[in-house]
Amino acid sequence: MKQIKIKSLKEKPNYSKEYKNYLKKIRINKGVIITIQLTILIAIFVFWEVFAITGVIDSFIMSSPSKILNQIALLFNNGTLFYHIGITLNEAIIGFLIATLGGTLIAIILWWNKTLRKILDPYVVVLNSLPKIALGPILIIWIGAGTGAIIAMDVLIMIVITILSMLNAFNSCDESKILLLKSMGANKLQILCKLILPNSLLEFISVLKINVGLTWVGTIMGEYLVSRAGLGYLIVYGGQVFKLDLVMASTIILCILAAIMYFLIVLIEKLVEKKRNIH
Amino acid sequence: MLELNNVALNYFSKNGETSALKNITFKVNQGELVSIVGPSGCGKTTILSLISGLIKPSKGTVKINGEQVNSNLCGYMFQKDHLFDWRTIEKNVLLGIEIQKHNFFNENKINLSLLKNYKKNLKLKNNYFLKNKEYALSLLDKYGLGDFKNKYPNQLSGGMRQRVSLIRTLALKPEILLLDEPFSALDFQTRLNLCDDVHHILKSENKTAILVTHDISEAISMSDRIIVLSSRPAVVKNIHTISLSAPTPLLRREEPKFSSYFNEIWKELS
């Protein structure tokens, strides 16, 4: 029996000078990119503020960073900042969970039953190409003008793409891997749990990444249609009464929330990759 | 041990009916390694699916030890190793045992409704799992893969991965091993070494195996007998008994009789 030795991946270093230089180069490159990114961000706000103060731009229409900060402080002081954030965040997260989990569940059912999949195929395709916002009035009449309708709009926007992506992931599994499990005597549930689901985990994470963006689209769209509170409501209200400070402040808070949620998903992705030993 | 009697198979598709196999009859004895060679697309893999019971013949019978086939008697090894990337080597090898553990109650016709026996049965099931797990891990150790059991498949070379997949198959103690071109995805060097390894493992575990291959010299070097099939609809053209005395496939390739076997089979195929 021949023994093939592979080098341990954690071999401790006696690195050559060239290799150390190579590592250093990578680190410097990364540092440069982050520095430039931060500089751009700061520059935007600085120029924005300076132009507003010197009157190059009209701060009534364009607002300005200091006015935005004042606006946020105002909202904070009268206690409505976290109230509005809470409402929107709540809708976004509930919609995200329902659409992602529900969509995956429907995809599992459709994977399980080929005939059902073929029957529903044209309906799914039509639903996918339909602009969901068109269903807004129907949702309001059916569900009522409130949180329910907003979440429903949010779910509608995400669920079809979730079903399609997950179903595609399930069906792209290698046939002979299924054959292998069958030859071991596996039933359909075991094929699903031991092969199809873990095999689609990376696709599931990319669906999470797509949905984490879409859920804000859906929630804000829902709030535009019908709402009495929330960040989307603040934006619409601010627009109507020409309070651009309020519009800008809400938009920036929205940016920050969306970014935080996105990075949480990226964190999950990193954990999965680490567990699965993907480099 | 294994007996195919007058087996025929017809495929159905929208374009009509194709006859894939016709009058296939052969026997395989315990501990024998038999190769099936034939022109591509002649239905070699189909014969393996029939033996494993995954598809049923249109005519004739397939019997293992005198009984109708069912999938638990056969172990498959494919062209690709099909190791699951998200499982360690150890977990990959235990895959089949995990699956059969869950079917344990059904297979042994244990009545779960008797609640008082539930604990006893659960213990039985766990013992079964542990015993088989031990056997699987001992195979890993025996064939030089014990040090890698906590590694992931992407940390192993192609040849090692194929050996792991063979051990995953052996862990279920199959009566018959079905090898479906298991070496064809590897480079030549690895392939020759792996032939030696697989031959060694099969012979020392005294396993019955059927090897499907398109490589005539591989078939001659590995097997005790070779079944030559015709093109579709496939019938058995000839069965050669290979009597080479050297102990390993690599050494068998050097024997003078090797090339005369090769020429004979080559002519039959063309």
# chains A, B, ... in the order shown; residues from 1 in each chain; ligands from 1

call {"tool": "interface_residues", "arguments": {"of": "chain A", "to": "chain B", "cutoff": "6 Å", "atoms": "only C-alpha atoms", "output": "ChimeraX atom specification"}}
result
/A:183-184,186,276

call {"tool": "write_last_selection", "arguments": {"atoms": "N, CA and C atoms", "output": "PDB file, in the first residue's frame"}}
result
ATOM      1  N   SER A 183     -28.404   3.756  -3.703  1.00  0.00           N
ATOM      2  CA  SER A 183     -27.780   2.437  -3.639  1.00  0.00           C
ATOM      3  C   SER A 183     -27.432   2.065  -2.201  1.00  0.00           C
ATOM      4  N   MET A 184     -27.383   3.073  -1.326  1.00  0.00           N
ATOM      5  CA  MET A 184     -27.169   2.775   0.098  1.00  0.00           C
ATOM      6  C   MET A 184     -28.499   2.524   0.804  1.00  0.00           C
ATOM      7  N   ALA A 186     -31.160   4.790   0.819  1.00  0.00           N
ATOM      8  CA  ALA A 186     -31.740   6.004   1.383  1.00  0.00           C
ATOM      9  C   ALA A 186     -33.135   6.256   0.819  1.00  0.00           C
ATOM     10  N   ARG A 276     -16.841  24.642   6.715  1.00  0.00           N
ATOM     11  CA  ARG A 276     -16.718  23.712   5.605  1.00  0.00           C
ATOM     12  C   ARG A 276     -15.327  23.686   5.009  1.00  0.00           C
TER      13      ARG A 276
END

call {"tool": "closest_atom_pairs", "arguments": {"of": "range 4-31 of chain B", "to": "range 206-229 of chain B", "cutoff": "12 Å", "atoms": "only C-alpha atoms", "output": "Markdown table"}}
result
| residue | atom | partner | partner_atom | distance |
| --- | --- | --- | --- | --- |
| B:Ala20 | CA | B:Leu229 | CA | 11.5 |
| B:Leu21 | CA | B:Leu229 | CA | 9.7 |
| B:Lys22 | CA | B:Leu229 | CA | 10.5 |
| B:Asn23 | CA | B:Leu229 | CA | 11.2 |
| B:Ile24 | CA | B:Leu229 | CA | 9.2 |
| B:Thr25 | CA | B:Ile227 | CA | 10.3 |
| B:Phe26 | CA | B:Ile227 | CA | 8.6 |
| B:Lys27 | CA | B:Ile227 | CA | 10.4 |
| B:Val28 | CA | B:Thr208 | CA | 7.9 |
| B:Asn29 | CA | B:Thr208 | CA | 7.3 |
| B:Gln30 | CA | B:Thr208 | CA | 5.5 |
| B:Gly31 | CA | B:Thr208 | CA | 4.3 |

call {"tool": "closest_residue", "arguments": {"among": "A:Ser64, A:Leu231, A:Asn171, A:Ile151", "to": "Phe47 in chain A", "atoms": "only C-alpha atoms"}}
result
A:Ser64

call {"tool": "residues_around", "arguments": {"residues": "Ser59 in chain A", "least_positions_apart": "3", "cutoff": "12 Å", "atoms": "only C-alpha atoms", "output": "list in words"}}
result
Trp48, Glu49, Val50, Phe51, Ala52, Ile53, Thr54, Gly55, Val56, Met62, Ser63, Ser64, Pro65, Ser66, Lys67, Ile68, Phe242, Lys243, Leu244, Asp245 and Met248 of chain A

call {"tool": "atom_distance", "arguments": {"atom1": "CA of Asn127 in chain B", "atom2": "CA of Asn150 in chain B"}}
result
23.0 Å

call {"tool": "atom_distance", "arguments": {"atom1": "CA of Leu254 in chain A", "atom2": "CA of Leu271 in chain A"}}
result
26.0 Å

call {"tool": "residues_around", "arguments": {"residues": "Val212 in chain A", "least_positions_apart": "4", "cutoff": "8 Å", "atoms": "only C-alpha atoms", "output": "PyMOL selection string"}}
result
chain A and resi 96+208+216+258+261-262

call {"tool": "write_last_selection", "arguments": {"atoms": "all heavy atoms", "output": "PDB file, in the first residue's frame"}}
result
ATOM      1  N   PHE A  96     -38.461  39.427   5.743  1.00  0.00           N
ATOM      2  CA  PHE A  96     -37.273  38.676   5.333  1.00  0.00           C
ATOM      3  C   PHE A  96     -37.374  37.215   5.763  1.00  0.00           C
ATOM      4  O   PHE A  96     -37.153  36.293   4.971  1.00  0.00           O
ATOM      5  CB  PHE A  96     -36.040  39.341   5.959  1.00  0.00           C
ATOM      6  CG  PHE A  96     -34.751  38.614   5.754  1.00  0.00           C
ATOM      7  CD1 PHE A  96     -34.092  38.704   4.529  1.00  0.00           C
ATOM      8  CD2 PHE A  96     -34.182  37.866   6.770  1.00  0.00           C
ATOM      9  CE1 PHE A  96     -32.886  38.051   4.334  1.00  0.00           C
ATOM     10  CE2 PHE A  96     -32.982  37.206   6.574  1.00  0.00           C
ATOM     11  CZ  PHE A  96     -32.336  37.301   5.361  1.00  0.00           C
ATOM     12  N   LEU A 208     -29.919  34.615   0.793  1.00  0.00           N
ATOM     13  CA  LEU A 208     -29.982  35.498   1.961  1.00  0.00           C
ATOM     14  C   LEU A 208     -29.438  36.881   1.607  1.00  0.00           C
ATOM     15  O   LEU A 208     -30.018  37.905   1.956  1.00  0.00           O
ATOM     16  CB  LEU A 208     -29.151  34.936   3.122  1.00  0.00           C
ATOM     17  CG  LEU A 208     -29.660  33.723   3.883  1.00  0.00           C
ATOM     18  CD1 LEU A 208     -28.735  33.395   5.038  1.00  0.00           C
ATOM     19  CD2 LEU A 208     -31.069  33.950   4.392  1.00  0.00           C
ATOM     20  N   TRP A 216     -35.521  45.579   2.167  1.00  0.00           N
ATOM     21  CA  TRP A 216     -35.647  47.028   2.376  1.00  0.00           C
ATOM     22  C   TRP A 216     -36.436  47.660   1.248  1.00  0.00           C
ATOM     23  O   TRP A 216     -37.250  48.555   1.477  1.00  0.00           O
ATOM     24  CB  TRP A 216     -34.269  47.674   2.504  1.00  0.00           C
ATOM     25  CG  TRP A 216     -33.585  47.223   3.756  1.00  0.00           C
ATOM     26  CD1 TRP A 216     -32.588  46.306   3.849  1.00  0.00           C
ATOM     27  CD2 TRP A 216     -33.898  47.622   5.088  1.00  0.00           C
ATOM     28  NE1 TRP A 216     -32.258  46.099   5.157  1.00  0.00           N
ATOM     29  CE2 TRP A 216     -33.036  46.896   5.942  1.00  0.00           C
ATOM     30  CE3 TRP A 216     -34.812  48.504   5.646  1.00  0.00           C
ATOM     31  CZ2 TRP A 216     -33.070  47.029   7.319  1.00  0.00           C
ATOM     32  CZ3 TRP A 216     -34.837  48.639   7.024  1.00  0.00           C
ATOM     33  CH2 TRP A 216     -33.980  47.916   7.841  1.00  0.00           C
ATOM     34  N   ALA A 258     -29.317  48.880   6.508  1.00  0.00           N
ATOM     35  CA  ALA A 258     -29.154  47.895   5.439  1.00  0.00           C
ATOM     36  C   ALA A 258     -27.734  47.332   5.452  1.00  0.00           C
ATOM     37  O   ALA A 258     -27.533  46.121   5.294  1.00  0.00           O
ATOM     38  CB  ALA A 258     -29.474  48.521   4.085  1.00  0.00           C
ATOM     39  N   MET A 261     -27.269  44.856   8.363  1.00  0.00           N
ATOM     40  CA  MET A 261     -27.891  43.568   8.093  1.00  0.00           C
ATOM     41  C   MET A 261     -27.098  42.778   7.060  1.00  0.00           C
ATOM     42  O   MET A 261     -26.928  41.558   7.182  1.00  0.00           O
ATOM     43  CB  MET A 261     -29.326  43.772   7.608  1.00  0.00           C
ATOM     44  CG  MET A 261     -30.347  43.249   8.596  1.00  0.00           C
ATOM     45  SD  MET A 261     -31.994  43.758   8.174  1.00  0.00           S
ATOM     46  CE  MET A 261     -32.678  42.285   7.465  1.00  0.00           C
ATOM     47  N   TYR A 262     -26.591  43.479   6.054  1.00  0.00           N
ATOM     48  CA  TYR A 262     -25.811  42.803   5.022  1.00  0.00           C
ATOM     49  C   TYR A 262     -24.552  42.184   5.623  1.00  0.00           C
ATOM     50  O   TYR A 262     -24.211  41.043   5.342  1.00  0.00           O
ATOM     51  CB  TYR A 262     -25.447  43.784   3.906  1.00  0.00           C
ATOM     52  CG  TYR A 262     -24.744  43.128   2.757  1.00  0.00           C
ATOM     53  CD1 TYR A 262     -25.466  42.419   1.799  1.00  0.00           C
ATOM     54  CD2 TYR A 262     -23.362  43.197   2.628  1.00  0.00           C
ATOM     55  CE1 TYR A 262     -24.832  41.800   0.742  1.00  0.00           C
ATOM     56  CE2 TYR A 262     -22.715  42.572   1.577  1.00  0.00           C
ATOM     57  CZ  TYR A 262     -23.452  41.881   0.637  1.00  0.00           C
ATOM     58  OH  TYR A 262     -22.823  41.260  -0.400  1.00  0.00           O
TER      59      TYR A 262
END

call {"tool": "atom_distance", "arguments": {"atom1": "CA of Lys194 in chain A", "atom2": "CA of Ile119 in chain A"}}
result
27.3 Å

call {"tool": "residues_around", "arguments": {"residues": "Leu9 in chain B", "least_positions_apart": "2", "cutoff": "10 Å", "atoms": "only C-alpha atoms", "output": "list of chain:residue names"}}
result
B:Val7, B:Tyr11, B:Phe12, B:Thr18, B:Ser19, B:Ala20, B:Leu21, B:Lys22, B:Asn23, B:Ile24, B:Gly43, B:Thr46, B:Ile47, B:Leu50, B:Ile55, B:Lys56, B:Pro57, B:Ser58, B:Lys59, B:Gly60, B:Pro233, B:Ala234

call {"tool": "select_by_dssp", "arguments": {"residues": "range 114-178 of chain B", "states": "alpha helix (DSSP H)", "output": "NGL selection string"}}
result
:B and (118-142 or 158-170)
